[in-house]
$ cat work_34.csv   # CSV, C-alpha atoms and all ligand atoms
chain,number,residue,atom,x,y,z
A,1116,MET,CA,-39.0,-22.1,-53.0
A,1117,PRO,CA,-37.0,-24.2,-50.5
A,1118,ALA,CA,-34.6,-22.1,-48.3
A,1119,ILE,CA,-31.5,-23.6,-49.9
A,1120,GLU,CA,-32.7,-22.6,-53.4
A,1121,SER,CA,-33.4,-19.0,-52.2
A,1122,ALA,CA,-30.0,-19.0,-50.6
A,1123,ARG,CA,-28.3,-20.0,-53.8
A,1124,ALA,CA,-30.2,-17.3,-55.7
A,1125,LEU,CA,-29.0,-14.7,-53.2
A,1126,LEU,CA,-25.5,-15.9,-53.5
A,1127,LYS,CA,-25.6,-16.0,-57.3
A,1128,ASN,CA,-26.5,-12.3,-57.5
A,1129,ALA,CA,-24.0,-11.1,-55.0
A,1130,LYS,CA,-20.9,-9.3,-56.3
A,1131,ASN,CA,-19.6,-8.2,-52.9
A,1132,ILE,CA,-19.9,-10.7,-50.0
A,1133,ALA,CA,-18.9,-10.4,-46.4
A,1134,VAL,CA,-18.9,-13.3,-44.0
A,1135,LEU,CA,-19.0,-13.3,-40.2
A,1136,THR,CA,-18.1,-16.5,-38.6
A,1137,GLY,CA,-18.1,-17.7,-35.0
A,1138,ALA,CA,-17.2,-20.8,-33.0
A,1139,GLY,CA,-20.0,-22.8,-34.6
A,1140,ILE,CA,-18.1,-23.1,-37.9
A,1141,SER,CA,-15.3,-24.9,-36.1
A,1142,ALA,CA,-17.5,-27.2,-34.1
A,1143,GLU,CA,-17.4,-29.9,-36.7
A,1144,SER,CA,-13.6,-29.8,-36.6
A,1145,GLY,CA,-13.9,-30.9,-32.9
A,1146,ILE,CA,-13.4,-27.5,-31.3
A,1147,PRO,CA,-16.1,-26.9,-28.7
A,1148,THR,CA,-18.2,-23.7,-28.9
A,1149,PHE,CA,-18.3,-21.2,-26.0
A,1150,ARG,CA,-22.0,-21.4,-25.4
A,1151,GLY,CA,-24.5,-24.1,-25.5
A,1152,ALA,CA,-24.5,-27.7,-24.3
A,1153,SER,CA,-20.9,-28.5,-25.1
A,1154,GLY,CA,-19.7,-25.0,-24.5
A,1155,LEU,CA,-18.4,-25.0,-21.0
A,1156,TRP,CA,-14.9,-25.8,-19.9
A,1157,LYS,CA,-15.1,-27.1,-16.3
A,1158,GLN,CA,-17.7,-24.9,-14.7
A,1159,PHE,CA,-16.6,-21.7,-16.2
A,1160,ARG,CA,-18.4,-19.4,-18.6
A,1161,PRO,CA,-16.1,-17.6,-21.1
A,1162,GLU,CA,-16.9,-14.2,-19.5
A,1163,GLU,CA,-15.3,-15.6,-16.3
A,1164,LEU,CA,-12.0,-16.6,-18.0
A,1165,ALA,CA,-11.5,-14.4,-21.0
A,1166,THR,CA,-11.0,-11.1,-19.1
A,1167,PRO,CA,-8.0,-9.1,-17.9
A,1168,GLU,CA,-9.4,-9.3,-14.4
A,1169,ALA,CA,-9.6,-13.1,-14.4
A,1170,PHE,CA,-6.0,-13.3,-15.7
A,1171,ALA,CA,-4.8,-10.9,-13.0
A,1172,ARG,CA,-6.6,-12.9,-10.3
A,1173,ASP,CA,-5.7,-16.4,-11.5
A,1174,PRO,CA,-3.3,-16.5,-14.5
A,1175,GLN,CA,-2.7,-20.3,-14.0
A,1176,THR,CA,-6.4,-21.2,-14.5
A,1177,VAL,CA,-6.7,-18.9,-17.5
A,1178,TRP,CA,-3.5,-20.4,-19.1
A,1179,GLU,CA,-4.8,-23.9,-18.3
A,1180,TRP,CA,-7.9,-23.1,-20.4
A,1181,TYR,CA,-5.8,-21.7,-23.2
A,1182,HIS,CA,-3.4,-24.6,-23.2
A,1183,TRP,CA,-6.4,-27.0,-23.4
A,1184,ARG,CA,-7.8,-25.1,-26.3
A,1185,ARG,CA,-4.4,-24.7,-28.1
A,1186,LYS,CA,-4.0,-28.5,-27.9
A,1187,LEU,CA,-7.4,-29.1,-29.3
A,1188,ILE,CA,-6.8,-26.6,-32.1
A,1189,ALA,CA,-3.3,-27.9,-32.9
A,1190,GLY,CA,-4.9,-31.3,-33.6
A,1191,ALA,CA,-7.9,-29.9,-35.6
A,1192,LYS,CA,-8.3,-29.7,-39.4
A,1193,PRO,CA,-10.5,-27.4,-41.4
A,1194,ASN,CA,-13.9,-29.0,-42.1
A,1195,ALA,CA,-16.1,-28.9,-45.2
A,1196,GLY,CA,-17.6,-25.5,-44.1
A,1197,HIS,CA,-14.2,-23.8,-43.9
A,1198,LEU,CA,-13.2,-25.3,-47.3
A,1199,ALA,CA,-16.5,-24.2,-48.9
A,1200,LEU,CA,-15.9,-20.6,-47.8
A,1201,ALA,CA,-12.4,-20.7,-49.3
A,1202,ARG,CA,-13.8,-21.9,-52.6
A,1203,LEU,CA,-16.5,-19.3,-52.5
A,1204,GLU,CA,-13.9,-16.5,-52.1
A,1205,GLN,CA,-12.3,-17.5,-55.4
A,1206,GLY,CA,-15.5,-16.9,-57.4
A,1207,ILE,CA,-16.6,-13.6,-56.0
A,1208,PRO,CA,-15.1,-10.2,-57.1
A,1209,GLU,CA,-15.1,-8.7,-53.6
A,1210,PHE,CA,-15.0,-11.0,-50.6
A,1211,THR,CA,-14.1,-10.5,-46.9
A,1212,LEU,CA,-14.2,-13.1,-44.2
A,1213,VAL,CA,-14.5,-11.6,-40.7
A,1214,THR,CA,-14.1,-14.1,-38.0
A,1215,GLN,CA,-14.4,-14.1,-34.2
A,1216,ASN,CA,-12.5,-17.3,-34.1
A,1217,VAL,CA,-8.8,-17.5,-32.9
A,1218,ASP,CA,-8.2,-21.0,-34.3
A,1219,GLY,CA,-6.7,-20.1,-37.7
A,1220,LEU,CA,-8.8,-22.8,-39.5
A,1221,HIS,CA,-10.1,-20.4,-42.2
A,1222,GLN,CA,-6.5,-19.6,-43.3
A,1223,ALA,CA,-5.6,-23.3,-43.1
A,1224,ALA,CA,-8.6,-24.0,-45.4
A,1225,GLY,CA,-7.1,-21.5,-48.0
A,1226,SER,CA,-9.1,-18.4,-47.2
A,1227,LYS,CA,-7.1,-15.3,-48.0
A,1228,ALA,CA,-9.0,-12.2,-47.0
A,1229,VAL,CA,-9.5,-13.0,-43.3
A,1230,LEU,CA,-9.9,-10.5,-40.6
A,1231,GLU,CA,-9.4,-11.9,-37.1
A,1232,LEU,CA,-11.4,-9.7,-34.8
A,1233,HIS,CA,-10.3,-11.5,-31.6
A,1234,GLY,CA,-6.7,-12.2,-32.6
A,1235,SER,CA,-5.0,-15.6,-32.8
A,1236,ILE,CA,-4.6,-18.3,-30.2
A,1237,TRP,CA,-0.9,-18.7,-31.3
A,1238,THR,CA,0.0,-15.2,-30.4
A,1239,VAL,CA,1.5,-14.5,-26.9
A,1240,ARG,CA,2.0,-11.1,-25.5
A,1241,CYS,CA,4.1,-9.7,-22.6
A,1242,THR,CA,2.1,-8.2,-19.7
A,1243,GLN,CA,4.8,-5.6,-19.1
A,1244,CYS,CA,6.7,-4.7,-22.3
A,1245,PRO,CA,5.4,-4.4,-25.9
A,1246,HIS,CA,6.9,-7.7,-27.0
A,1247,GLU,CA,4.5,-10.0,-28.9
A,1248,TRP,CA,5.4,-13.3,-30.5
A,1249,MET,CA,4.1,-16.5,-32.1
A,1250,ASP,CA,4.2,-19.6,-29.9
A,1251,ARG,CA,2.8,-22.8,-31.4
A,1252,GLY,CA,3.8,-24.9,-28.4
A,1253,THR,CA,1.2,-26.9,-26.6
A,1254,ALA,CA,2.2,-26.8,-23.0
A,1255,GLU,CA,0.1,-28.8,-20.5
A,1256,GLY,CA,-1.9,-27.8,-17.5
A,1257,ARG,CA,-1.4,-24.7,-15.5
A,1258,GLN,CA,2.0,-23.8,-17.0
A,1259,LEU,CA,2.6,-20.1,-17.2
A,1260,LEU,CA,4.5,-18.5,-20.2
A,1261,TYR,CA,7.0,-15.8,-19.7
A,1262,CYS,CA,8.4,-13.0,-21.9
A,1263,ARG,CA,12.1,-12.7,-22.8
A,1264,CYS,CA,12.2,-9.7,-20.4
A,1265,GLY,CA,11.1,-12.1,-17.6
A,1266,ALA,CA,7.6,-10.8,-17.1
A,1267,LEU,CA,4.5,-12.9,-17.2
A,1268,ALA,CA,3.0,-13.4,-20.7
A,1269,ARG,CA,-0.6,-13.7,-21.6
A,1270,PRO,CA,-2.5,-15.1,-24.6
A,1271,GLY,CA,-2.4,-12.5,-27.4
A,1272,VAL,CA,-6.2,-12.6,-28.0
A,1273,VAL,CA,-8.9,-10.0,-27.3
A,1274,TRP,CA,-10.7,-10.4,-24.0
A,1275,PHE,CA,-14.0,-9.1,-22.8
A,1276,GLY,CA,-13.6,-5.4,-21.9
A,1277,GLU,CA,-10.7,-4.9,-24.3
A,1278,VAL,CA,-10.6,-2.9,-27.5
A,1279,LEU,CA,-10.5,-4.8,-30.8
A,1280,PRO,CA,-7.4,-4.1,-33.0
A,1281,PRO,CA,-8.5,-0.8,-34.5
A,1282,ASP,CA,-7.3,-1.4,-38.1
A,1283,ILE,CA,-9.0,-4.8,-38.3
A,1284,TRP,CA,-12.2,-3.5,-36.9
A,1285,ARG,CA,-12.3,-0.6,-39.4
A,1286,GLU,CA,-11.7,-3.0,-42.3
A,1287,ALA,CA,-14.5,-5.2,-40.9
A,1288,GLU,CA,-16.9,-2.3,-40.7
A,1289,GLU,CA,-16.0,-1.2,-44.2
A,1290,ALA,CA,-16.5,-4.7,-45.5
A,1291,VAL,CA,-20.0,-5.1,-44.1
A,1292,LYS,CA,-21.0,-1.6,-45.1
A,1293,SER,CA,-20.0,-2.1,-48.7
A,1294,CYS,CA,-21.2,-5.7,-49.2
A,1295,ASP,CA,-24.4,-6.6,-50.9
A,1296,LEU,CA,-24.7,-9.9,-49.0
A,1297,LEU,CA,-23.6,-10.8,-45.4
A,1298,LEU,CA,-23.4,-14.4,-44.4
A,1299,VAL,CA,-23.5,-15.0,-40.7
A,1300,ILE,CA,-22.3,-18.4,-39.8
A,1301,GLY,CA,-22.1,-20.3,-36.4
A,1302,THR,CA,-22.2,-17.4,-34.0
A,1303,SER,CA,-24.5,-16.8,-31.1
A,1304,ALA,CA,-24.3,-13.1,-32.0
A,1305,VAL,CA,-24.3,-11.9,-28.4
A,1306,VAL,CA,-20.7,-10.6,-28.1
A,1307,TYR,CA,-20.2,-7.0,-29.1
A,1308,PRO,CA,-18.9,-5.2,-31.0
A,1309,ALA,CA,-18.7,-8.2,-33.5
A,1310,ALA,CA,-22.5,-8.8,-33.3
A,1311,GLY,CA,-23.1,-5.2,-34.2
A,1312,LEU,CA,-21.8,-5.9,-37.7
A,1313,VAL,CA,-25.1,-7.6,-38.5
A,1314,PRO,CA,-27.4,-4.6,-38.0
A,1315,LEU,CA,-24.7,-2.4,-39.6
A,1316,ALA,CA,-24.8,-4.5,-42.8
A,1317,ARG,CA,-28.6,-4.4,-42.7
A,1318,SER,CA,-28.8,-0.6,-42.3
A,1319,SER,CA,-26.2,-0.2,-45.1
A,1320,GLY,CA,-28.6,-2.0,-47.5
A,1321,ALA,CA,-27.1,-5.6,-47.5
A,1322,ARG,CA,-29.1,-8.7,-47.5
A,1323,VAL,CA,-28.3,-11.0,-44.5
A,1324,MET,CA,-28.3,-14.8,-44.6
A,1325,GLU,CA,-27.7,-16.9,-41.5
A,1326,ILE,CA,-26.5,-20.5,-41.0
A,1327,ASN,CA,-26.9,-21.9,-37.5
A,1328,ILE,CA,-28.1,-25.1,-35.9
A,1329,GLU,CA,-30.5,-23.0,-33.8
A,1330,ARG,CA,-32.4,-19.8,-33.7
A,1331,SER,CA,-30.1,-16.9,-32.7
A,1332,PRO,CA,-30.9,-13.4,-31.4
A,1333,ILE,CA,-30.5,-11.9,-34.9
A,1334,ALA,CA,-33.2,-14.1,-36.3
A,1335,ASN,CA,-35.7,-11.2,-36.6
A,1336,ILE,CA,-33.3,-8.9,-38.7
A,1337,ILE,CA,-32.1,-11.4,-41.3
A,1338,ASP,CA,-33.5,-12.1,-44.7
A,1339,LEU,CA,-32.9,-15.8,-44.8
A,1340,GLN,CA,-32.2,-18.5,-42.2
A,1341,LEU,CA,-30.6,-21.9,-43.1
A,1342,THR,CA,-31.0,-24.2,-40.1
A,1343,GLY,CA,-28.4,-26.9,-39.9
A,1344,GLN,CA,-24.7,-27.6,-39.6
A,1345,ALA,CA,-22.3,-25.2,-41.5
A,1346,GLY,CA,-20.2,-28.2,-42.6
A,1347,HIS,CA,-23.2,-29.7,-44.3
A,1348,LEU,CA,-25.0,-26.6,-45.6
A,1349,LEU,CA,-22.1,-24.5,-46.9
A,1350,PRO,CA,-20.8,-27.1,-49.4
A,1351,GLU,CA,-24.4,-27.5,-50.7
A,1352,LEU,CA,-24.7,-23.8,-51.1
A,1353,VAL,CA,-21.3,-23.2,-52.8
A,1354,GLU,CA,-21.5,-26.2,-55.0
A,1355,GLU,CA,-23.5,-24.4,-57.7
B,1,LIG,P1,-20.7,-19.2,-29.3
B,1,LIG,O1,-20.2,-20.4,-28.6
B,1,LIG,O2,-21.3,-18.1,-28.5
B,1,LIG,O3,-21.9,-19.6,-30.4
B,1,LIG,C1,-21.7,-20.7,-31.3
B,1,LIG,C2,-22.9,-20.7,-32.2
B,1,LIG,O4,-22.7,-21.6,-33.2
B,1,LIG,C3,-24.2,-21.0,-31.5
B,1,LIG,O5,-25.2,-20.1,-32.0
B,1,LIG,C4,-24.5,-22.4,-32.1
B,1,LIG,O6,-25.9,-22.6,-32.2
B,1,LIG,C5,-23.9,-22.4,-33.4
B,1,LIG,N1,-23.4,-23.7,-33.9
B,1,LIG,C6,-22.9,-24.8,-33.2
B,1,LIG,N2,-22.5,-25.7,-34.0
B,1,LIG,C7,-22.8,-25.3,-35.3
B,1,LIG,C8,-22.6,-25.9,-36.6
B,1,LIG,N3,-22.1,-27.1,-36.7
B,1,LIG,N4,-23.0,-25.2,-37.6
B,1,LIG,C9,-23.6,-24.0,-37.5
B,1,LIG,N5,-23.7,-23.4,-36.3
B,1,LIG,C10,-23.4,-24.0,-35.2
B,1,LIG,O7,-19.5,-18.6,-30.3
B,1,LIG,P2,-19.3,-17.2,-30.8
B,1,LIG,O8,-20.5,-16.6,-31.3
B,1,LIG,O9,-18.2,-17.3,-31.8
B,1,LIG,O10,-14.7,-14.2,-27.6
B,1,LIG,O11,-18.8,-16.4,-29.5
B,1,LIG,C11,-18.4,-15.1,-29.6
B,1,LIG,C12,-17.2,-14.8,-28.7
B,1,LIG,O12,-17.5,-15.2,-27.4
B,1,LIG,C13,-16.0,-15.6,-29.0
B,1,LIG,O13,-15.2,-15.0,-30.0
B,1,LIG,C14,-15.2,-15.6,-27.7
B,1,LIG,C15,-16.3,-15.9,-26.8
B,1,LIG,O14,-16.2,-15.6,-25.5
B,1,LIG,C16,-13.8,-13.9,-26.7
B,1,LIG,O15,-13.2,-14.8,-26.1
B,1,LIG,C17,-13.5,-12.5,-26.5
$ encode --input "work_34.csv" --output "structure tokens"
Amino acid sequence: MPAIESARALLKNAKNIAVLTGAGISAESGIPTFRGASGLWKQFRPEELATPEAFARDPQTVWEWYHWRRKLIAGAKPNAGHLALARLEQGIPEFTLVTQNVDGLHQAAGSKAVLELHGSIWTVRCTQCPHEWMDRGTAEGRQLLYCRCGALARPGVVWFGEVLPPDIWREAEEAVKSCDLLLVIGTSAVVYPAAGLVPLARSSGARVMEINIERSPIANIIDLQLTGQAGHLLPELVEE
């Protein structure tokens, strides 16, 4: 049976689906991924920018990277992959979409049950006081943002070495433990704890299906691999 037919069969039998997405699902919306050929901003790897240490050392460069990404995201629209997942949610009794993305494109596509493991790029947080707020502005360059208390503000996303929002993480674990099918879409599956959701689903008895343009490190623990672009494959899969 061709892989797409096997994938449709898996989907048809599933009553409880969890989805884990990464930057690859937004690539076709024009948002560069973190790793791979188009992944680098200037010469930096994400591990060199998305850390509290990098921000403490050079907040202007970190803000410059976020301003660049915020501007790209502000001009981006959900693609056929995001839209297909929103349609899929409507037909499945239990459905949870867990995303590592901070771009909000799943919600823009109409997905309802979305868990943002790494936060949202539109959230800004004070480095000194508990104040956190939404800021949809798209400042340019190395411009720093400040809190109403006067202290320096930082992007309100989760950085390397930081703890994921505990409630959201718990819900994500519950979703993959209770699902009968996990779809893993457009993630390099190298950043933990998010990547750990795949073996957790597996050990809890779920089937695992992956959509990626290339082979990822989880290839040996999945049941089915669909190789290609999410924006092309997901509509084909969900159409039925
Ligand atoms: P990565 O950039 O690491 O991986 C993107 C994945 O998407 C790769 O495996 C690509 O092969 C795949 N891909 C690219 N285009 C695709 C397409 N059109 N269809 C399907 N797959 C495609 O992104 P993430 O795995 O999301 O965290 O990265 C994880 C985390 O690392 C991010 O959330 C971010 C980053 O640093 C933090 O900033 C904390």
$ closest_residue --input "work_34.csv" --among "A:Leu1203, A:Leu1125, A:Cys1262, A:Val1291" --to "A:Gly1311" --atoms "all atoms listed in the file"
A:Val1291
$ residues_near_ligand --input "work_34.csv" --ligand "ligand LIG 1 (chain B)" --cutoff "7 Å" --atoms "only C-alpha atoms and all ligand atoms" --output "PyMOL selection string"
chain A and resi 1136-1140+1142-1143+1148-1151+1154+1161-1162+1165+1215-1216+1233+1273-1275+1300-1306+1326-1329+1331+1343-1346
$ closest_residue --input "work_34.csv" --among "A:Phe1159, A:Met1116, A:Gly1225, A:Thr1253" --to "A:Leu1187" --atoms "all atoms listed in the file"
A:Thr1253
$ closest_residue --input "work_34.csv" --among "A:Leu1312, A:Ile1236, A:Ile1283, A:Leu1200" --to "A:Leu1349" --atoms "all atoms listed in the file"
A:Leu1200
$ closest_residue --input "work_34.csv" --among "A:Ala1334, A:Leu1135, A:Ala1228, A:Val1313" --to "A:Ile1207" --atoms "only C-alpha atoms"
A:Ala1228
$ closest_residue --input "work_34.csv" --among "A:Ser1293, A:Gln1258, A:Ser1226, A:Gln1340" --to "A:Ala1316" --atoms "only C-alpha atoms"
A:Ser1293
$ closest_residue --input "work_34.csv" --among "A:Ile1333, A:Asn1131, A:Arg1184, A:Pro1350" --to "A:Ala1254" --atoms "only C-alpha atoms"
A:Arg1184
$ residues_near_point --input "work_34.csv" --point "(-23.0, -11.9, -55.1)" --cutoff "12 Å" --atoms "only C-alpha atoms" --output "JSON, numbers by chain"
{"A": [1122, 1123, 1124, 1125, 1126, 1127, 1128, 1129, 1130, 1131, 1132, 1133, 1134, 1203, 1204, 1206, 1207, 1208, 1209, 1210, 1294, 1295, 1296, 1297, 1298, 1321, 1322, 1323, 1353]}
$ atom_distance --input "work_34.csv" --atom1 "atom CA of A:Val1229" --atom2 "atom CA of A:Arg1202"
13.6 Å
